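data08.tsv, holding TSV, C-alpha atoms and all ligand atoms:
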```tsv
chain	number	residue	atom	x	y	z
Q	30	MET	CA	-19.76	-8.36	44.25
Q	31	VAL	CA	-19.53	-9.22	40.60
Q	32	LYS	CA	-21.52	-6.90	38.44
Q	33	ALA	CA	-24.13	-8.66	36.42
Q	34	ARG	CA	-23.67	-8.27	32.66
Q	35	LYS	CA	-26.34	-6.39	30.88
Q	36	ALA	CA	-28.93	-8.79	29.62
Q	37	PRO	CA	-29.40	-8.80	25.88
Q	38	GLY	CA	-32.30	-6.73	24.69
Q	39	LYS	CA	-35.57	-8.13	23.60
Q	40	GLY	CA	-35.28	-10.19	20.47
Q	41	ALA	CA	-31.47	-10.24	20.57
Q	42	LYS	CA	-30.04	-13.62	19.91
Q	43	ALA	CA	-27.28	-15.18	21.97
Q	44	PRO	CA	-24.00	-15.38	20.07
Q	45	SER	CA	-23.53	-18.59	18.16
Q	46	ALA	CA	-20.87	-21.08	19.23
Q	47	ALA	CA	-18.56	-19.82	16.51
Q	48	GLU	CA	-18.91	-16.22	17.65
Q	49	LYS	CA	-18.25	-17.14	21.24
Q	50	SER	CA	-15.20	-19.27	20.55
Q	51	PRO	CA	-12.14	-17.55	22.07
Q	52	GLY	CA	-10.03	-18.52	19.07
Q	53	SER	CA	-12.17	-16.66	16.59
Q	54	LYS	CA	-10.96	-13.22	15.63
Q	55	SER	CA	-13.33	-10.82	14.07
Q	56	LEU	CA	-10.61	-9.54	11.72
Q	57	ALA	CA	-9.94	-12.93	10.26
Q	58	VAL	CA	-13.57	-13.78	9.72
Q	59	THR	CA	-15.06	-12.97	6.38
Q	60	PRO	CA	-18.39	-11.35	7.00
Q	61	LYS	CA	-21.13	-13.65	5.88
Q	62	LYS	CA	-24.62	-12.77	4.97
Q	63	ARG	CA	-26.80	-13.52	7.92
Q	64	ARG	CA	-29.77	-15.06	6.29
Q	65	GLY	CA	-33.01	-14.39	8.04
Q	66	ARG	CA	-31.40	-13.06	11.19
Q	67	LYS	CA	-31.91	-9.38	10.71
Q	68	PRO	CA	-35.44	-8.11	10.89
Q	69	ALA	CA	-36.51	-6.01	7.93
Q	70	PRO	CA	-36.42	-2.26	8.64
Q	71	LEU	CA	-39.73	-0.67	9.41
Q	72	PRO	CA	-41.29	1.11	6.47
Q	73	GLY	CA	-40.06	4.67	6.24
Q	74	LYS	CA	-37.30	4.05	8.76
Q	75	GLU	CA	-33.71	4.01	7.55
Q	76	GLU	CA	-31.50	1.30	8.87
Q	77	PRO	CA	-28.61	2.85	10.81
Q	78	ARG	CA	-25.29	2.10	9.13
Q	79	GLU	CA	-22.30	1.49	11.37
Q	80	SER	CA	-19.79	3.10	8.98
Q	81	GLU	CA	-21.59	6.42	9.20
Q	82	GLU	CA	-21.25	6.50	12.95
Q	83	GLU	CA	-17.49	6.97	13.08
Q	84	PRO	CA	-16.50	8.22	16.50
Q	85	LEU	CA	-14.49	11.43	16.70
Q	86	LEU	CA	-11.05	11.31	18.20
Q	87	GLU	CA	-11.16	12.02	21.92
Q	88	LEU	CA	-7.66	13.32	22.48
Q	89	GLY	CA	-8.07	15.07	25.78
Q	90	ALA	CA	-4.93	17.01	26.64
Q	91	GLN	CA	-3.39	16.10	23.26
Q	92	ARG	CA	-6.13	17.86	21.31
Q	93	GLN	CA	-4.26	21.14	20.89
Q	94	ARG	CA	-1.12	19.34	19.83
Q	95	TRP	CA	-3.05	17.39	17.20
Q	96	LEU	CA	-4.67	20.55	15.84
Q	97	SER	CA	-1.37	22.39	15.52
Q	98	PHE	CA	0.15	19.35	13.82
Q	99	LEU	CA	-2.62	19.45	11.20
Q	100	LYS	CA	-2.27	23.19	10.77
Q	101	GLN	CA	1.53	23.26	10.49
Q	102	ARG	CA	1.56	20.57	7.83
Q	103	SER	CA	-1.70	21.61	6.14
Q	104	LEU	CA	-3.09	18.12	6.49
Q	105	SER	CA	-6.60	16.83	6.89
Q	106	ALA	CA	-7.14	14.60	9.90
Q	107	GLU	CA	-7.17	11.59	7.59
Q	108	GLU	CA	-3.90	12.57	5.89
Q	109	ALA	CA	-2.25	13.21	9.25
Q	110	ALA	CA	-3.36	9.84	10.59
Q	111	LYS	CA	-1.91	8.13	7.50
Q	112	LEU	CA	1.36	10.04	7.79
Q	113	LEU	CA	1.74	9.09	11.44
Q	114	LEU	CA	0.92	5.46	10.75
Q	115	ASP	CA	3.40	5.33	7.86
Q	116	SER	CA	6.13	7.05	9.87
Q	117	PHE	CA	5.62	4.58	12.67
Q	118	GLU	CA	5.44	1.54	10.46
Q	119	TYR	CA	8.27	2.47	8.08
Q	120	LYS	CA	10.80	3.63	10.63
Q	121	GLY	CA	14.15	4.42	9.10
Q	122	LEU	CA	12.63	4.92	5.67
Q	123	VAL	CA	11.65	8.11	3.90
Q	124	LYS	CA	8.79	8.99	1.62
Q	125	HIS	CA	10.02	9.62	-1.91
Q	126	THR	CA	7.68	11.04	-4.52
Q	127	GLY	CA	7.95	10.72	-8.25
Q	128	GLY	CA	6.19	10.25	-11.53
Q	129	CYS	CA	6.36	10.20	-15.30
Q	130	HIS	CA	7.55	13.08	-17.50
Q	131	CYS	CA	4.23	14.73	-18.34
Q	132	GLY	CA	2.97	14.60	-14.75
Q	133	ALA	CA	-0.09	12.44	-15.43
Q	134	VAL	CA	1.31	9.61	-13.32
Q	135	ARG	CA	2.38	10.41	-9.76
Q	136	PHE	CA	3.29	8.12	-6.90
Q	137	GLU	CA	4.85	8.02	-3.47
Q	138	VAL	CA	7.06	5.26	-2.16
Q	139	TRP	CA	8.58	4.57	1.26
Q	140	ALA	CA	12.15	3.38	0.91
Q	141	SER	CA	15.62	3.94	2.26
Q	142	THR	CA	17.51	7.14	1.54
Q	143	ASP	CA	20.20	4.80	0.21
Q	144	LEU	CA	18.76	2.91	-2.71
Q	145	HIS	CA	19.81	-0.50	-3.92
Q	146	VAL	CA	19.15	-0.43	-7.64
Q	147	PHE	CA	19.15	-3.29	-10.12
Q	148	ASP	CA	20.53	-2.81	-13.58
Q	149	CYS	CA	19.30	-5.71	-15.64
Q	150	ASN	CA	20.53	-6.88	-19.04
Q	151	CYS	CA	17.42	-8.80	-20.13
Q	152	SER	CA	15.93	-8.05	-23.54
Q	153	ILE	CA	13.51	-5.37	-22.37
Q	154	CYS	CA	15.54	-3.79	-19.58
Q	155	VAL	CA	18.39	-3.13	-22.02
Q	156	LYS	CA	16.09	-1.47	-24.53
Q	157	LYS	CA	14.56	0.86	-21.99
Q	158	GLN	CA	17.46	1.09	-19.57
Q	159	ASN	CA	15.20	-0.12	-16.82
Q	160	ARG	CA	17.03	0.48	-13.58
Q	161	HIS	CA	14.84	0.00	-10.52
Q	162	PHE	CA	14.70	-0.60	-6.80
Q	163	ILE	CA	12.18	-3.05	-5.38
Q	164	VAL	CA	9.69	-2.37	-2.59
Q	165	PRO	CA	6.76	-4.27	-1.06
Q	166	ALA	CA	3.41	-3.25	-2.54
Q	167	ALA	CA	2.25	-1.73	0.76
Q	168	ARG	CA	5.01	0.86	0.57
Q	169	PHE	CA	4.02	2.08	-2.88
Q	170	LYS	CA	1.02	4.29	-3.54
Q	171	LEU	CA	-0.16	5.53	-6.90
Q	172	LEU	CA	-1.37	9.07	-6.28
Q	173	LYS	CA	-2.78	9.74	-9.72
Q	174	GLY	CA	-2.80	8.49	-13.27
Q	175	SER	CA	-4.20	4.97	-13.00
Q	176	ASP	CA	-6.36	5.68	-16.06
Q	177	ASN	CA	-3.34	7.07	-17.90
Q	178	LEU	CA	-1.27	3.93	-17.57
Q	179	THR	CA	-0.95	1.15	-20.07
Q	180	THR	CA	0.73	-2.19	-19.57
Q	181	TYR	CA	3.05	-4.18	-21.79
Q	182	THR	CA	3.70	-7.85	-21.09
Q	183	PHE	CA	5.59	-10.56	-22.98
Q	184	ASN	CA	7.06	-14.05	-22.60
Q	185	THR	CA	5.81	-15.29	-19.17
Q	186	HIS	CA	3.61	-12.16	-18.82
Q	187	LYS	CA	4.51	-12.02	-15.14
Q	188	ALA	CA	6.25	-8.67	-15.29
Q	189	LYS	CA	3.79	-5.83	-15.85
Q	190	HIS	CA	5.59	-3.07	-17.67
Q	191	THR	CA	3.35	-0.11	-16.95
Q	192	PHE	CA	4.01	3.20	-18.61
Q	193	CYS	CA	2.32	6.52	-19.14
Q	194	LYS	CA	0.08	6.64	-22.21
Q	195	THR	CA	0.94	10.26	-22.82
Q	196	CYS	CA	4.71	10.54	-22.40
Q	197	GLY	CA	5.71	6.88	-22.56
Q	198	VAL	CA	7.77	6.98	-19.37
Q	199	GLN	CA	7.87	3.92	-17.18
Q	200	SER	CA	8.31	5.30	-13.70
Q	201	PHE	CA	7.43	2.03	-11.96
Q	202	TYR	CA	6.39	-1.50	-12.85
Q	203	ARG	CA	5.80	-4.91	-11.37
Q	204	PRO	CA	8.91	-7.01	-11.90
Q	205	ARG	CA	8.89	-10.67	-12.82
Q	206	SER	CA	11.25	-11.34	-9.90
Q	207	ASN	CA	8.81	-9.69	-7.46
Q	208	PRO	CA	5.31	-9.68	-8.94
Q	209	ASP	CA	3.88	-8.92	-5.47
Q	210	GLY	CA	5.90	-5.72	-5.22
Q	211	TYR	CA	6.95	-2.75	-7.29
Q	212	GLY	CA	10.10	-1.87	-9.16
Q	213	VAL	CA	10.57	1.87	-9.02
Q	214	ALA	CA	12.78	3.91	-11.33
Q	215	PRO	CA	15.13	6.01	-9.19
Q	216	HIS	CA	15.55	8.45	-12.08
Q	217	CYS	CA	11.80	9.18	-11.91
Q	218	LEU	CA	11.90	10.32	-8.28
Q	219	ASP	CA	11.55	14.03	-7.62
Q	220	ASP	CA	14.79	15.82	-6.93
Q	221	ASP	CA	13.84	16.56	-3.34
Q	222	GLY	CA	16.98	15.43	-1.59
Q	223	THR	CA	15.35	12.26	-0.27
Q	224	VAL	CA	17.95	10.10	-2.02
Q	225	LEU	CA	21.38	10.17	-0.41
Q	226	SER	CA	23.07	7.40	-2.34
Q	227	ILE	CA	22.45	4.85	-5.07
Q	228	ASN	CA	24.17	1.51	-5.17
Q	229	VAL	CA	23.79	-0.20	-8.55
Q	230	GLU	CA	23.96	-3.95	-8.85
Q	231	GLN	CA	24.20	-5.59	-12.27
Q	232	ILE	CA	21.84	-8.48	-12.62
Q	233	ASN	CA	22.16	-11.05	-15.37
Q	234	GLY	CA	18.61	-11.06	-16.69
Q	235	LYS	CA	19.82	-12.67	-19.91
Q	236	GLU	CA	19.98	-15.87	-17.87
Q	237	TRP	CA	17.02	-14.97	-15.72
Q	238	GLU	CA	16.27	-18.34	-14.05
Q	239	LYS	CA	19.91	-18.84	-13.15
Q	240	ALA	CA	20.28	-15.29	-11.82
Q	241	MET	CA	17.19	-15.64	-9.63
Q	242	LYS	CA	18.34	-18.97	-8.26
Q	243	GLU	CA	21.70	-17.56	-7.33
Q	244	HIS	CA	20.52	-14.25	-5.91
Q	245	LYS	CA	20.10	-14.38	-2.17
Q	246	THR	CA	17.99	-11.31	-1.45
Q	247	ILE	CA	16.04	-10.14	-4.49
Q	248	ARG	CA	12.92	-12.24	-3.83
Q	249	GLY	CA	12.64	-10.96	-0.29
Q	250	MET	CA	12.70	-7.32	-1.32
Q	251	SER	CA	8.96	-7.22	-1.94
Q	252	LYS	CA	8.16	-8.85	1.39
Q	253	SER	CA	7.53	-6.48	4.25
G	1	ZN	ZN	3.40	10.87	-18.61
```
Can you dump the structure from the file as C-alpha cells?
Amino acid sequence: MVKARKAPGKGAKAPSAAEKSPGSKSLAVTPKKRRGRKPAPLPGKEEPRESEEEPLLELGAQRQRWLSFLKQRSLSAEEAAKLLLDSFEYKGLVKHTGGCHCGAVRFEVWASTDLHVFDCNCSICVKKQNRHFIVPAARFKLLKGSDNLTTYTFNTHKAKHTFCKTCGVQSFYRPRSNPDGYGVAPHCLDDDGTVLSINVEQINGKEWEKAMKEHKTIRGMSKS
C-alpha cells in the first residue's frame, strides 16, 4: 500500500505552480520576498531562523576518524571541511601560500607544482618586473590585508594592479588578459617546497591586442 503523504499543517499553503515545477531548482532561484505570505511573529516570540539550526555531522563509524583528522592537523571542523573540499575539487594541484614583504598581505592559491609564468614587456610589467601565473578566482583566497591593499589602474583600467600600502609589493593582481582571475607573483610565494619548476613564457605586451589574439591558452587560464 502506498503511504499517504503527510498533509500540510493548518494554514500551510500548497506550493505554487512555480515551486512545484520539476524544472525549477532551488539553487538557481533567487529568493524573493514573499509579500504577505508569512504571518507576523507573535509578540514576544522570536522567529526561528533556519541558518541557526545547522545540523551536526552524523558520521557514525567515521566519527573517530574525523576527530583524529582535526586533531592531527589542528583544524576546526570548518577548516577541515574546506580543506577536504579543496583537495577533492583541485586534484593534482597544491596549495601555495604567499604574500607581500611586510606580511600585511597574505594569500593562498591552488595551482600546479609546475608553474607557467608570463613575463610581459608592456609598459608597467617592465617597470615592476611583473612575472605572474594566472589562476581562476575560485582558486585564490586573500587571507589577510584587504584593507592594506591599494590599486593602481591606467589606460583601459581593466587590469587592477593591487599592491601593499606598507611595503609596496605587488604579490598578486587582476590582469587585463584575465580580469576574472588572478595573476600571482611566483617570487612572492613562500619558500615551502610547493613549487617544483617554473616555465617562463615571454609575452609581447607591447603589442597587447595582437599578442592576445595570437595566444591560444592565456584567456582560458582563469576559467575553471
Ligand atoms: Zn606589505
**Message:** At a cut-off of 12 Å, using all atoms listed in the file, what residues contact Q:His186? Leave out same-chain residues fewer than 2 positions from it and give the result as a list of chain:residue names.
**Reply:**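 Final neighbour list, sorted by chain and number: Q:Thr180, Q:Tyr181, Q:Thr182, Q:Phe183, Q:Asn184, Q:Ala188, Q:Lys189, Q:His190, Q:Arg203, Q:Pro204, Q:Arg205, Q:Ser206, Q:Pro208.
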Hey, which bits of chain Q sit within 6 Å of ligand ZN 1 (chain G), and for each residue what's the closest pair of atoms and how far apart in Å (one decimal), counting all atoms listed in the file, rows by chain and increasing number, as JSON lines?
```
{"residue": "Q:Cys129", "atom": "CA", "partner": "G:ZN1", "partner_atom": "ZN", "distance": 4.5}
{"residue": "Q:His130", "atom": "CA", "partner": "G:ZN1", "partner_atom": "ZN", "distance": 4.8}
{"residue": "Q:Cys131", "atom": "CA", "partner": "G:ZN1", "partner_atom": "ZN", "distance": 4.0}
{"residue": "Q:Gly132", "atom": "CA", "partner": "G:ZN1", "partner_atom": "ZN", "distance": 5.4}
{"residue": "Q:Ala133", "atom": "CA", "partner": "G:ZN1", "partner_atom": "ZN", "distance": 5.0}
{"residue": "Q:Val134", "atom": "CA", "partner": "G:ZN1", "partner_atom": "ZN", "distance": 5.8}
{"residue": "Q:Cys193", "atom": "CA", "partner": "G:ZN1", "partner_atom": "ZN", "distance": 4.5}
{"residue": "Q:Thr195", "atom": "CA", "partner": "G:ZN1", "partner_atom": "ZN", "distance": 4.9}
{"residue": "Q:Cys196", "atom": "CA", "partner": "G:ZN1", "partner_atom": "ZN", "distance": 4.0}
{"residue": "Q:Val198", "atom": "CA", "partner": "G:ZN1", "partner_atom": "ZN", "distance": 5.9}
```
**Prompt:** So how far away is atom CA of Q:Ser116 from atom CA of Q:Gln101, in Å?
**Reply:**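 For atom CA of Q:Gln101 relative to atom CA of Q:Ser116, the distance reads 16.9 Å.
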Edge lengths and centre in Å, axis-aligned, stretch 121-125 of chain Q plus 3 Å each side, as JSON:
```
{"center_x": 11.5, "center_y": 7.0, "center_z": 3.6, "size_x": 11.4, "size_y": 11.2, "size_z": 17.0}
```
**Request:** Go ahead and compute the interatomic distance for atom CA of Q:Lys100 and atom CA of Q:Phe117, in Å to one decimal.
**Result:** 20.3 Å
**Complete:** Restricting to only C-alpha atoms, whichever of Q:Lys242, Q:Lys170, Q:Lys111, Q:Arg160 is closest to Q:Trp139 is Q:Lys170
**Asked** What separation in Å, quoted to one decimal, exists between atom CA of Q:Phe192 and atom CA of Q:Thr179?
**Response** 5.6 Å
**Asked** When distances are computed from all atoms listed in the file, which of Q:His125, Q:His216, Q:Lys252, Q:His161 shows the smallest separation from Q:Ile232?
**Response**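 Between Q:His125, Q:His216, Q:Lys252, Q:His161, the residue approaching Q:Ile232 most closely is Q:His161.
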**Prompt:** Using only C-alpha atoms, which of the listed residues (Q:Val164, Q:Ala110, Q:Ser103, Q:Gly210) sits closest to Q:Leu86?
**Reply:**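 Of all the options, Q:Ala110 lies closest to Q:Leu86.
Across Q:Gln199, Q:Ser253, Q:Thr142, Q:Ser97, the tightest approach to Q:Leu225 is made by Q:Thr142 when counting all atoms listed in the file.
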**Message:** Using all atoms listed in the file for the distances, tell me which of Q:Phe98, Q:Phe136, Q:Tyr119, Q:Phe162 is nearest to Q:Val229.
**Reply:** Q:Phe162
**Asked** Of the residues Q:Leu218, Q:Ala166, Q:Leu178, Q:Ile153, which is the one nearest to Q:Lys124, using all atoms listed in the file?
**Response** Q:Leu218
